[in-house]
$ cat target_15.cif   # mmCIF, C-alpha atoms and all ligand atoms
data_my_file
loop_
_atom_site.label_atom_id
_atom_site.label_comp_id
_atom_site.auth_asym_id
_atom_site.auth_seq_id
_atom_site.Cartn_x
_atom_site.Cartn_y
_atom_site.Cartn_z
CA MET N 1 173.73 69.59 164.96
CA ASN N 2 176.08 66.99 163.41
CA LYS N 3 176.96 66.76 159.72
CA GLN N 4 174.48 63.98 159.08
CA ASP N 5 171.64 65.95 160.67
CA GLY N 6 172.60 69.01 158.60
CA PHE N 7 172.49 67.00 155.38
CA CYS N 8 169.07 65.50 156.27
CA VAL N 9 167.58 68.94 156.87
CA ARG N 10 168.97 70.33 153.59
CA SER N 11 167.75 67.36 151.50
CA THR N 12 164.27 67.63 153.09
CA ASP N 13 164.21 71.35 152.29
CA LEU N 14 165.27 70.67 148.68
CA SER N 15 162.64 67.98 148.13
CA ASN N 16 160.01 70.28 149.70
CA PHE N 17 161.08 73.03 147.28
CA ILE N 18 160.83 70.69 144.25
CA ASN N 19 157.42 69.47 145.43
CA LEU N 20 156.25 73.07 145.88
CA PHE N 21 157.21 73.77 142.26
CA LEU N 22 155.52 70.59 140.90
CA ASN N 23 152.33 71.18 142.88
CA ASN N 24 151.92 74.63 141.36
CA ILE N 25 151.80 73.36 137.77
CA PRO N 26 148.12 72.99 136.80
CA PRO N 27 147.30 69.44 135.68
CA ALA N 28 146.68 69.01 131.93
CA VAL N 29 144.79 65.73 132.25
CA CYS N 30 142.61 63.87 134.78
CA VAL N 31 144.83 62.08 137.33
CA LEU N 32 142.61 58.98 137.16
CA CYS N 33 141.90 58.44 133.44
CA SER N 34 144.38 60.79 131.67
CA THR N 35 141.67 62.41 129.49
CA ASP N 36 141.62 66.19 129.04
CA SER N 37 140.15 67.65 132.24
CA GLY N 38 140.45 71.35 131.41
CA HIS N 39 143.21 71.87 134.03
CA ASP N 40 141.14 70.22 136.78
CA ALA N 41 142.72 67.33 138.70
CA LEU N 42 139.71 65.11 137.95
CA CYS N 43 137.41 64.97 134.90
CA GLN N 44 133.63 65.10 135.36
CA PRO N 45 132.93 61.36 134.73
CA CYS N 46 135.67 60.37 137.22
CA CYS N 47 134.18 62.78 139.83
CA SER N 48 130.76 61.18 139.37
CA ASN N 49 132.26 57.73 139.89
CA LEU N 50 133.97 58.59 143.19
CA PRO N 51 132.59 56.72 146.25
CA TRP N 52 130.22 59.44 147.52
CA LEU N 53 128.96 59.06 151.10
CA PRO N 54 125.52 57.36 151.14
CA PRO N 55 122.68 59.64 152.36
CA LEU N 56 121.93 57.27 155.26
CA HIS N 57 124.77 57.65 157.77
CA CYS N 58 125.36 58.35 161.46
CA PRO N 59 124.83 62.11 162.02
CA CYS N 60 127.60 62.12 164.61
CA CYS N 61 130.48 60.24 162.89
CA ALA N 62 129.22 59.79 159.26
CA LEU N 63 129.47 55.99 159.39
CA PRO N 64 126.85 54.53 157.00
CA THR N 65 123.88 53.12 158.96
CA LEU N 66 120.74 51.33 157.74
CA ASP N 67 118.29 54.02 158.91
CA GLY N 68 120.48 57.13 159.08
CA GLY N 69 120.39 56.99 162.91
CA LEU N 70 123.28 57.08 165.39
CA CYS N 71 125.74 54.18 165.02
CA GLY N 72 126.46 51.74 167.87
CA ASN N 73 129.80 53.38 168.72
CA CYS N 74 128.34 56.87 169.05
CA LEU N 75 125.46 55.53 171.17
CA LYS N 76 127.84 53.62 173.47
CA THR N 77 130.62 56.22 173.73
CA PRO N 78 129.50 59.63 172.43
CA PRO N 79 132.52 61.46 170.98
CA HIS N 80 133.45 65.02 171.99
CA PHE N 81 132.53 66.34 168.51
CA ASP N 82 128.86 67.05 167.71
CA SER N 83 128.54 66.02 164.06
CA THR N 84 130.53 64.93 161.01
CA HIS N 85 130.11 66.00 157.40
CA ALA N 86 132.00 63.90 154.87
CA ALA N 87 131.88 63.95 151.09
CA PHE N 88 133.13 60.41 150.43
CA LEU N 89 133.63 56.92 151.74
CA TYR N 90 137.30 56.03 152.06
CA HIS N 91 137.47 53.08 149.70
CA GLY N 92 138.00 52.18 146.05
CA VAL N 93 139.88 54.75 144.03
CA LEU N 94 139.82 57.28 146.87
CA ALA N 95 141.78 54.91 149.12
CA GLN N 96 144.54 55.12 146.48
CA LEU N 97 144.22 58.81 145.64
CA ILE N 98 144.40 60.18 149.21
CA PRO N 99 147.56 58.24 150.26
CA ALA N 100 149.15 59.12 146.89
CA ALA N 101 148.46 62.80 147.57
CA LYS N 102 149.59 62.59 151.20
CA PHE N 103 152.68 60.41 150.99
CA GLY N 104 153.64 61.20 147.38
CA ALA N 105 153.64 64.97 148.08
CA ARG N 106 150.88 65.64 145.49
CA TRP N 107 149.10 68.04 147.80
CA SER N 108 147.55 69.96 144.90
CA LEU N 109 145.03 67.07 144.78
CA PHE N 110 143.60 68.07 148.17
CA PRO N 111 142.07 71.42 147.13
CA ALA N 112 140.57 69.69 144.05
CA LEU N 113 138.93 67.06 146.30
CA ALA N 114 137.97 69.68 148.92
CA ARG N 115 135.98 71.66 146.33
CA LEU N 116 133.80 68.55 145.90
CA MET N 117 132.80 68.92 149.58
CA LEU N 118 131.18 72.32 148.94
CA PRO N 119 127.67 71.17 147.86
CA THR N 120 127.38 69.31 151.22
CA LEU N 121 128.91 72.08 153.33
CA GLN N 122 126.82 74.86 151.77
CA GLN N 123 123.77 73.20 153.37
CA VAL N 124 125.08 72.94 156.95
CA PRO N 125 125.11 75.65 159.68
CA ARG N 126 128.10 78.01 159.36
CA PRO N 127 130.77 77.69 162.06
CA ASP N 128 132.56 80.71 163.58
CA LEU N 129 136.00 79.26 162.84
CA LEU N 130 137.60 76.67 160.62
CA ILE N 131 140.50 74.78 162.21
CA PRO N 132 142.55 72.24 160.24
CA LEU N 133 143.67 69.27 162.36
CA PRO N 134 147.34 70.05 163.08
CA LEU N 135 150.24 67.71 162.37
CA HIS N 136 153.00 67.26 164.91
CA ALA N 137 155.90 69.69 164.15
CA GLN N 138 158.27 66.82 163.27
CA ARG N 139 155.72 65.25 160.88
CA LEU N 140 155.06 68.64 159.24
CA LYS N 141 158.81 69.13 158.70
CA GLU N 142 159.14 65.69 157.09
CA ARG N 143 156.06 66.00 154.86
CA GLY N 144 156.40 69.67 154.01
CA PHE N 145 152.64 70.33 154.13
CA ASN N 146 149.58 69.61 156.25
CA GLN N 147 146.87 67.94 154.17
CA ALA N 148 144.14 69.27 156.52
CA LEU N 149 145.30 72.86 155.84
CA GLU N 150 145.34 72.22 152.07
CA ILE N 151 141.73 70.99 152.33
CA ALA N 152 140.71 73.93 154.54
CA LYS N 153 142.08 76.68 152.22
CA PRO N 154 139.50 76.38 149.37
CA LEU N 155 136.69 75.96 151.94
CA VAL N 156 137.74 79.19 153.67
CA ARG N 157 137.75 81.03 150.34
CA SER N 158 134.46 79.65 149.02
CA LEU N 159 132.50 79.89 152.28
CA SER N 160 134.11 83.15 153.53
CA LEU N 161 135.05 81.68 156.90
CA PRO N 162 137.90 82.65 159.23
CA LEU N 163 140.79 80.14 159.30
CA GLU N 164 142.67 79.54 162.54
CA HIS N 165 145.72 77.31 162.40
CA THR N 166 147.88 78.21 165.37
CA LEU N 167 145.51 77.90 168.31
CA LEU N 168 145.16 74.10 168.26
CA GLN N 169 148.50 72.32 168.59
CA ARG N 170 149.55 68.71 168.43
CA THR N 171 151.88 67.98 171.31
CA ARG N 172 152.44 64.27 170.65
CA ASP N 173 153.30 62.53 167.39
CA THR N 174 150.64 59.85 167.21
CA GLU N 175 150.35 59.27 163.46
CA HIS N 176 151.77 55.76 163.34
CA GLN N 177 149.21 53.84 165.33
CA ALA N 178 147.62 51.70 162.61
CA ARG N 179 148.61 48.50 164.42
CA LEU N 180 147.01 49.58 167.68
CA SER N 181 143.51 48.45 168.69
CA GLU N 182 140.77 51.07 168.73
CA LYS N 183 140.91 51.28 172.54
CA ALA N 184 144.70 51.66 172.46
CA ARG N 185 144.42 54.39 169.78
CA HIS N 186 142.11 56.44 171.99
CA ARG N 187 144.43 55.91 174.99
CA ASN N 188 147.48 56.87 172.91
CA MET N 189 145.67 59.96 171.67
CA ARG N 190 144.87 61.40 175.12
CA LYS N 191 146.56 64.75 175.63
CA ALA N 192 147.86 64.67 172.03
CA PHE N 193 146.28 68.09 171.41
CA VAL N 194 146.17 71.32 173.33
CA ALA N 195 144.09 74.41 172.51
CA ARG N 196 145.83 77.65 173.55
CA GLY N 197 143.39 80.53 173.92
CA ASP N 198 139.80 81.28 174.85
CA LEU N 199 137.21 79.70 172.56
CA SER N 200 134.20 80.52 174.76
CA GLY N 201 130.96 80.05 172.82
CA GLN N 202 132.73 79.42 169.50
CA ARG N 203 131.31 76.96 166.95
CA ILE N 204 134.21 75.25 165.28
CA ALA N 205 134.55 73.16 162.12
CA LEU N 206 137.51 70.82 162.47
CA VAL N 207 138.93 69.85 159.06
CA ASP N 208 140.84 66.66 158.18
CA ASP N 209 141.32 64.26 155.26
CA VAL N 210 140.12 60.89 156.58
CA MET N 211 138.23 59.73 159.67
CA THR N 212 139.06 56.11 160.54
CA THR N 213 138.26 55.48 164.21
CA GLY N 214 137.78 59.20 164.88
CA ALA N 215 140.30 59.01 167.76
CA SER N 216 142.35 62.05 166.67
CA LEU N 217 139.32 64.20 165.84
CA ASP N 218 137.77 63.17 169.18
CA ALA N 219 140.92 64.14 171.09
CA ALA N 220 141.14 67.47 169.22
CA ALA N 221 137.44 68.19 169.85
CA ARG N 222 138.00 67.45 173.55
CA ALA N 223 140.83 70.00 173.69
CA LEU N 224 138.71 72.61 171.86
CA LYS N 225 135.79 72.10 174.24
CA GLN N 226 138.11 72.35 177.25
CA ALA N 227 139.06 75.78 175.83
CA GLY N 228 135.36 76.74 175.82
CA ALA N 229 134.14 75.78 172.31
CA ALA N 230 130.32 75.53 172.25
CA ARG N 231 130.32 72.91 169.48
CA VAL N 232 132.77 71.11 167.21
CA ASP N 233 131.74 69.69 163.85
CA CYS N 234 134.11 67.54 161.81
CA TRP N 235 134.40 68.42 158.13
CA ILE N 236 136.26 65.58 156.50
CA LEU N 237 136.97 64.44 153.00
CA ALA N 238 136.32 60.74 153.51
CA ARG N 239 134.98 58.34 156.15
CA THR N 240 136.35 54.80 156.51
CA PRO N 241 133.28 52.53 156.18
ZN ZN I 301 138.97 61.09 134.54
ZN ZN I 302 128.53 57.30 164.76
#
$ encode --input "target_15.cif" --output "structure tokens"
Amino acid sequence: MNKQDGFCVRSTDLSNFINLFLNNIPPAVCVLCSTDSGHDALCQPCCSNLPWLPPLHCPCCALPTLDGGLCGNCLKTPPHFDSTHAAFLYHGVLAQLIPAAKFGARWSLFPALARLMLPTLQQVPRPDLLIPLPLHAQRLKERGFNQALEIAKPLVRSLSLPLEHTLLQRTRDTEHQARLSEKARHRNMRKAFVARGDLSGQRIALVDDVMTTGASLDAAARALKQAGAARVDCWILARTP
């Protein structure tokens, strides 16, 4: 390791340490309107005004549809996952809040948002395992946290579910593919995940922050099913409309 590499690692570690400290201070005010929120990240009126997922949406990928039936994409190319439960649509204030939490190292916002998923998730069949979508090791080192794991933690506690976060691994760094077409994203995503272990008959909830095209969740679900999973349901914070 050269001097420059050594310095980069140390400065990343230091900023991760500072972020860890800042994220453990309870908020005094709502992050959106700055009124007293009783140490919650969001006040009640701001929670009510979030872009909640409309009741009529595709049961497979949570995309809003006119009649609540399967969307065109899921009919044409059924994904490897079986259903998707999302709390929100990824637009408006949430399209600012989630990137701010993810790229501004404010990961304490994720558990606050995840708790808003509970009323939906308490009504769906319980999985055997909760698996947060893994980040590539290099991405995890740079960011210092995995947003999917931060979302999964309060769900595990509230729903008394086992958490598994070593079995599914990301073997390719495929995060930066925003400029690729949907077809190219799916191609780029092939073999991005590997599931090590026997998941025979297991019903798995795969947790992530946002579903855009669903390419990463599809690739992860494929790997889980290749390892024997009986079904894979996506539990996500927000769906891109
Ligand atoms: Zn507020
Ligand atoms: Zn769909």
$ residues_around --input "target_15.cif" --residues "N:Lys191" --least-positions-apart "2" --cutoff "9 Å" --atoms "all atoms listed in the file" --output "PyMOL selection string"
chain N and resi 170-172+188-189+193-194+219-220+223
$ closest_residue --input "target_15.cif" --among "N:Gly228, N:Pro45, N:Pro59, N:Gly104" --to "ligand ZN 301 (chain I)" --atoms "only C-alpha atoms and all ligand atoms"
N:Pro45
$ closest_residue --input "target_15.cif" --among "N:Ala227, N:Cys47, N:Val156, N:Ala114" --to "N:Ala195" --atoms "only C-alpha atoms"
N:Ala227
$ residues_near_ligand --input "target_15.cif" --ligand "ligand ZN 301 (chain I)" --cutoff "8 Å" --atoms "all atoms listed in the file" --output "list in words"
Val29, Cys30, Val31, Leu32, Cys33, Ser34, Thr35, Asp36, Ser37, Leu42, Cys43, Gln44, Pro45, Cys46 and Cys47 of chain N
$ atom_distance --input "target_15.cif" --atom1 "atom CA of N:Leu97" --atom2 "atom CA of N:Lys141"
22.1 Å
$ closest_residue --input "target_15.cif" --among "N:Pro111, N:Gly72, N:Pro154, N:Pro119" --to "ligand ZN 302 (chain I)" --atoms "all atoms listed in the file"
N:Gly72
$ residues_near_ligand --input "target_15.cif" --ligand "ligand ZN 302 (chain I)" --cutoff "7 Å" --atoms "all atoms listed in the file" --output "count of residues only"
11
$ residues_near_point --input "target_15.cif" --point "(134.0, 64.8, 172.0)" --cutoff "9 Å" --atoms "all atoms listed in the file" --output "VMD selection string"
chain N and resid 78 to 82 217 to 223 225 232
$ closest_residue --input "target_15.cif" --among "N:Leu53, N:Leu199, N:Met211, N:Ala87" --to "N:Leu167" --atoms "all atoms listed in the file"
N:Leu199
$ atom_distance --input "target_15.cif" --atom1 "atom CA of N:Thr240" --atom2 "atom CA of N:Pro127"
24.2 Å
$ closest_residue --input "target_15.cif" --among "N:Leu140, N:Leu237, N:Ala100, N:Leu94" --to "N:Leu155" --atoms "all atoms listed in the file"
N:Leu237
$ residues_around --input "target_15.cif" --residues "N:Asn146" --least-positions-apart "6" --cutoff "9 Å" --atoms "all atoms listed in the file" --output "list in words"
Lys102, Trp107, Pro132, Leu133, Pro134, Leu135, Arg139 and Leu140 of chain N
$ closest_residue --input "target_15.cif" --among "N:Leu75, N:Leu116, N:Leu89, N:Cys234" --to "N:Ser48" --atoms "all atoms listed in the file"
N:Leu116
$ atom_distance --input "target_15.cif" --atom1 "atom CA of N:Asp40" --atom2 "atom CA of N:Leu161"
23.9 Å
$ residues_around --input "target_15.cif" --residues "N:Leu130" --least-positions-apart "2" --cutoff "7 Å" --atoms "only C-alpha atoms" --output "ChimeraX atom specification"
/N:132,161-164,204-206
$ write_last_selection --input "target_15.cif" --atoms "C-alpha atoms" --output "JSON list (two decimals), keeping the file's coordinate frame"
[["chain", "number", "residue", "atom", "x", "y", "z"],
["N", 132, "PRO", "CA", 142.55, 72.24, 160.24],
["N", 161, "LEU", "CA", 135.05, 81.68, 156.90],
["N", 162, "PRO", "CA", 137.90, 82.65, 159.23],
["N", 163, "LEU", "CA", 140.79, 80.14, 159.30],
["N", 164, "GLU", "CA", 142.67, 79.54, 162.54],
["N", 204, "ILE", "CA", 134.21, 75.25, 165.28],
["N", 205, "ALA", "CA", 134.55, 73.16, 162.12],
["N", 206, "LEU", "CA", 137.51, 70.82, 162.47]]
$ decode --input "target_15.cif" --residues "stretch 125-241 of chain N" --atoms "C-alpha atoms" --output "PDB file, in the first residue's frame"
ATOM      1  CA  PRO N 125     -47.234 -13.019   5.286  1.00  0.00           C
ATOM      2  CA  ARG N 126     -44.145 -13.383   7.504  1.00  0.00           C
ATOM      3  CA  PRO N 127     -40.949 -14.485   5.754  1.00  0.00           C
ATOM      4  CA  ASP N 128     -38.472 -16.946   7.313  1.00  0.00           C
ATOM      5  CA  LEU N 129     -35.531 -14.578   6.811  1.00  0.00           C
ATOM      6  CA  LEU N 130     -34.876 -10.909   6.216  1.00  0.00           C
ATOM      7  CA  ILE N 131     -31.935 -10.177   3.915  1.00  0.00           C
ATOM      8  CA  PRO N 132     -30.773  -6.603   3.230  1.00  0.00           C
ATOM      9  CA  LEU N 133     -29.543  -6.106  -0.346  1.00  0.00           C
ATOM     10  CA  PRO N 134     -25.748  -6.101   0.031  1.00  0.00           C
ATOM     11  CA  LEU N 135     -23.432  -3.375  -1.218  1.00  0.00           C
ATOM     12  CA  HIS N 136     -20.196  -4.254  -2.969  1.00  0.00           C
ATOM     13  CA  ALA N 137     -17.305  -4.344  -0.420  1.00  0.00           C
ATOM     14  CA  GLN N 138     -15.609  -1.304  -2.017  1.00  0.00           C
ATOM     15  CA  ARG N 139     -18.853   0.730  -1.937  1.00  0.00           C
ATOM     16  CA  LEU N 140     -19.465  -0.260   1.702  1.00  0.00           C
ATOM     17  CA  LYS N 141     -15.943   0.877   2.635  1.00  0.00           C
ATOM     18  CA  GLU N 142     -16.460   4.249   0.927  1.00  0.00           C
ATOM     19  CA  ARG N 143     -19.940   4.895   2.356  1.00  0.00           C
ATOM     20  CA  GLY N 144     -19.361   3.409   5.792  1.00  0.00           C
ATOM     21  CA  PHE N 145     -22.856   1.891   6.025  1.00  0.00           C
ATOM     22  CA  ASN N 146     -25.357  -0.107   3.992  1.00  0.00           C
ATOM     23  CA  GLN N 147     -28.689   1.715   3.792  1.00  0.00           C
ATOM     24  CA  ALA N 148     -30.550  -1.591   3.256  1.00  0.00           C
ATOM     25  CA  LEU N 149     -29.163  -2.925   6.563  1.00  0.00           C
ATOM     26  CA  GLU N 150     -30.144   0.303   8.373  1.00  0.00           C
ATOM     27  CA  ILE N 151     -33.703  -0.145   7.030  1.00  0.00           C
ATOM     28  CA  ALA N 152     -33.762  -3.852   7.950  1.00  0.00           C
ATOM     29  CA  LYS N 153     -32.679  -3.387  11.607  1.00  0.00           C
ATOM     30  CA  PRO N 154     -35.902  -1.778  12.976  1.00  0.00           C
ATOM     31  CA  LEU N 155     -38.014  -4.227  10.914  1.00  0.00           C
ATOM     32  CA  VAL N 156     -36.167  -7.172  12.465  1.00  0.00           C
ATOM     33  CA  ARG N 157     -36.759  -5.779  15.955  1.00  0.00           C
ATOM     34  CA  SER N 158     -40.425  -4.861  15.482  1.00  0.00           C
ATOM     35  CA  LEU N 159     -41.455  -7.986  13.570  1.00  0.00           C
ATOM     36  CA  SER N 160     -39.192 -10.447  15.462  1.00  0.00           C
ATOM     37  CA  LEU N 161     -37.631 -11.833  12.295  1.00  0.00           C
ATOM     38  CA  PRO N 162     -34.183 -13.380  11.800  1.00  0.00           C
ATOM     39  CA  LEU N 163     -31.713 -11.140   9.938  1.00  0.00           C
ATOM     40  CA  GLU N 164     -29.172 -12.686   7.589  1.00  0.00           C
ATOM     41  CA  HIS N 165     -26.561 -10.403   6.087  1.00  0.00           C
ATOM     42  CA  THR N 166     -23.625 -12.584   5.095  1.00  0.00           C
ATOM     43  CA  LEU N 167     -25.202 -15.253   2.924  1.00  0.00           C
ATOM     44  CA  LEU N 168     -26.031 -13.034  -0.063  1.00  0.00           C
ATOM     45  CA  GLN N 169     -22.962 -11.293  -1.480  1.00  0.00           C
ATOM     46  CA  ARG N 170     -22.448  -8.713  -4.172  1.00  0.00           C
ATOM     47  CA  THR N 171     -19.585  -9.792  -6.375  1.00  0.00           C
ATOM     48  CA  ARG N 172     -19.676  -6.910  -8.867  1.00  0.00           C
ATOM     49  CA  ASP N 173     -19.884  -3.179  -8.205  1.00  0.00           C
ATOM     50  CA  THR N 174     -22.823  -2.168 -10.362  1.00  0.00           C
ATOM     51  CA  GLU N 175     -24.111   0.918  -8.533  1.00  0.00           C
ATOM     52  CA  HIS N 176     -23.215   3.510 -11.157  1.00  0.00           C
ATOM     53  CA  GLN N 177     -25.422   2.465 -14.026  1.00  0.00           C
ATOM     54  CA  ALA N 178     -27.897   5.360 -14.148  1.00  0.00           C
ATOM     55  CA  ARG N 179     -26.893   6.200 -17.718  1.00  0.00           C
ATOM     56  CA  LEU N 180     -27.481   2.660 -18.959  1.00  0.00           C
ATOM     57  CA  SER N 181     -30.725   1.625 -20.653  1.00  0.00           C
ATOM     58  CA  GLU N 182     -33.016  -0.737 -18.771  1.00  0.00           C
ATOM     59  CA  LYS N 183     -31.909  -3.683 -20.931  1.00  0.00           C
ATOM     60  CA  ALA N 184     -28.244  -2.810 -20.368  1.00  0.00           C
ATOM     61  CA  ARG N 185     -28.832  -2.518 -16.583  1.00  0.00           C
ATOM     62  CA  HIS N 186     -30.243  -6.041 -16.446  1.00  0.00           C
ATOM     63  CA  ARG N 187     -27.329  -7.335 -18.578  1.00  0.00           C
ATOM     64  CA  ASN N 188     -24.803  -5.517 -16.368  1.00  0.00           C
ATOM     65  CA  MET N 189     -26.460  -6.941 -13.283  1.00  0.00           C
ATOM     66  CA  ARG N 190     -26.190 -10.617 -14.303  1.00  0.00           C
ATOM     67  CA  LYS N 191     -24.012 -12.550 -11.872  1.00  0.00           C
ATOM     68  CA  ALA N 192     -23.678  -9.443  -9.658  1.00  0.00           C
ATOM     69  CA  PHE N 193     -24.917 -11.471  -6.668  1.00  0.00           C
ATOM     70  CA  VAL N 194     -24.140 -14.884  -5.299  1.00  0.00           C
ATOM     71  CA  ALA N 195     -25.954 -16.693  -2.478  1.00  0.00           C
ATOM     72  CA  ARG N 196     -23.620 -18.944  -0.460  1.00  0.00           C
ATOM     73  CA  GLY N 197     -25.502 -21.624   1.444  1.00  0.00           C
ATOM     74  CA  ASP N 198     -28.621 -23.762   1.270  1.00  0.00           C
ATOM     75  CA  LEU N 199     -31.883 -21.802   1.272  1.00  0.00           C
ATOM     76  CA  SER N 200     -34.122 -24.767   0.410  1.00  0.00           C
ATOM     77  CA  GLY N 201     -37.770 -23.921   1.039  1.00  0.00           C
ATOM     78  CA  GLN N 202     -36.983 -20.562   2.677  1.00  0.00           C
ATOM     79  CA  ARG N 203     -39.295 -17.567   2.214  1.00  0.00           C
ATOM     80  CA  ILE N 204     -37.148 -14.480   2.049  1.00  0.00           C
ATOM     81  CA  ALA N 205     -37.874 -10.766   2.352  1.00  0.00           C
ATOM     82  CA  LEU N 206     -35.230  -8.812   0.462  1.00  0.00           C
ATOM     83  CA  VAL N 207     -34.850  -5.278   1.857  1.00  0.00           C
ATOM     84  CA  ASP N 208     -33.639  -2.175  -0.016  1.00  0.00           C
ATOM     85  CA  ASP N 209     -34.202   1.588  -0.090  1.00  0.00           C
ATOM     86  CA  VAL N 210     -35.456   2.299  -3.628  1.00  0.00           C
ATOM     87  CA  MET N 211     -36.639   0.157  -6.538  1.00  0.00           C
ATOM     88  CA  THR N 212     -36.077   1.912  -9.874  1.00  0.00           C
ATOM     89  CA  THR N 213     -36.010  -0.681 -12.666  1.00  0.00           C
ATOM     90  CA  GLY N 214     -35.831  -3.549 -10.170  1.00  0.00           C
ATOM     91  CA  ALA N 215     -32.719  -4.913 -11.934  1.00  0.00           C
ATOM     92  CA  SER N 216     -30.637  -5.360  -8.761  1.00  0.00           C
ATOM     93  CA  LEU N 217     -33.481  -6.860  -6.729  1.00  0.00           C
ATOM     94  CA  ASP N 218     -34.269  -9.173  -9.664  1.00  0.00           C
ATOM     95  CA  ALA N 219     -30.640 -10.329  -9.892  1.00  0.00           C
ATOM     96  CA  ALA N 220     -30.477 -10.862  -6.113  1.00  0.00           C
ATOM     97  CA  ALA N 221     -33.788 -12.781  -6.132  1.00  0.00           C
ATOM     98  CA  ARG N 222     -32.415 -14.964  -8.952  1.00  0.00           C
ATOM     99  CA  ALA N 223     -29.337 -15.828  -6.862  1.00  0.00           C
ATOM    100  CA  LEU N 224     -31.508 -16.597  -3.805  1.00  0.00           C
ATOM    101  CA  LYS N 225     -33.778 -18.880  -5.830  1.00  0.00           C
ATOM    102  CA  GLN N 226     -30.768 -20.651  -7.339  1.00  0.00           C
ATOM    103  CA  ALA N 227     -29.779 -21.392  -3.711  1.00  0.00           C
ATOM    104  CA  GLY N 228     -33.212 -22.976  -3.158  1.00  0.00           C
ATOM    105  CA  ALA N 229     -35.387 -20.099  -1.841  1.00  0.00           C
ATOM    106  CA  ALA N 230     -39.094 -20.951  -2.207  1.00  0.00           C
ATOM    107  CA  ARG N 231     -40.121 -17.294  -2.581  1.00  0.00           C
ATOM    108  CA  VAL N 232     -38.563 -13.839  -2.483  1.00  0.00           C
ATOM    109  CA  ASP N 233     -40.569 -10.742  -1.597  1.00  0.00           C
ATOM    110  CA  CYS N 234     -39.077  -7.273  -1.920  1.00  0.00           C
ATOM    111  CA  TRP N 235     -39.611  -4.958   1.047  1.00  0.00           C
ATOM    112  CA  ILE N 236     -38.585  -1.518  -0.090  1.00  0.00           C
ATOM    113  CA  LEU N 237     -38.930   1.985   1.194  1.00  0.00           C
ATOM    114  CA  ALA N 238     -39.885   3.653  -2.078  1.00  0.00           C
ATOM    115  CA  ARG N 239     -40.810   2.751  -5.661  1.00  0.00           C
ATOM    116  CA  THR N 240     -39.856   4.977  -8.596  1.00  0.00           C
ATOM    117  CA  PRO N 241     -43.171   5.746 -10.363  1.00  0.00           C
TER     118      PRO N 241
END
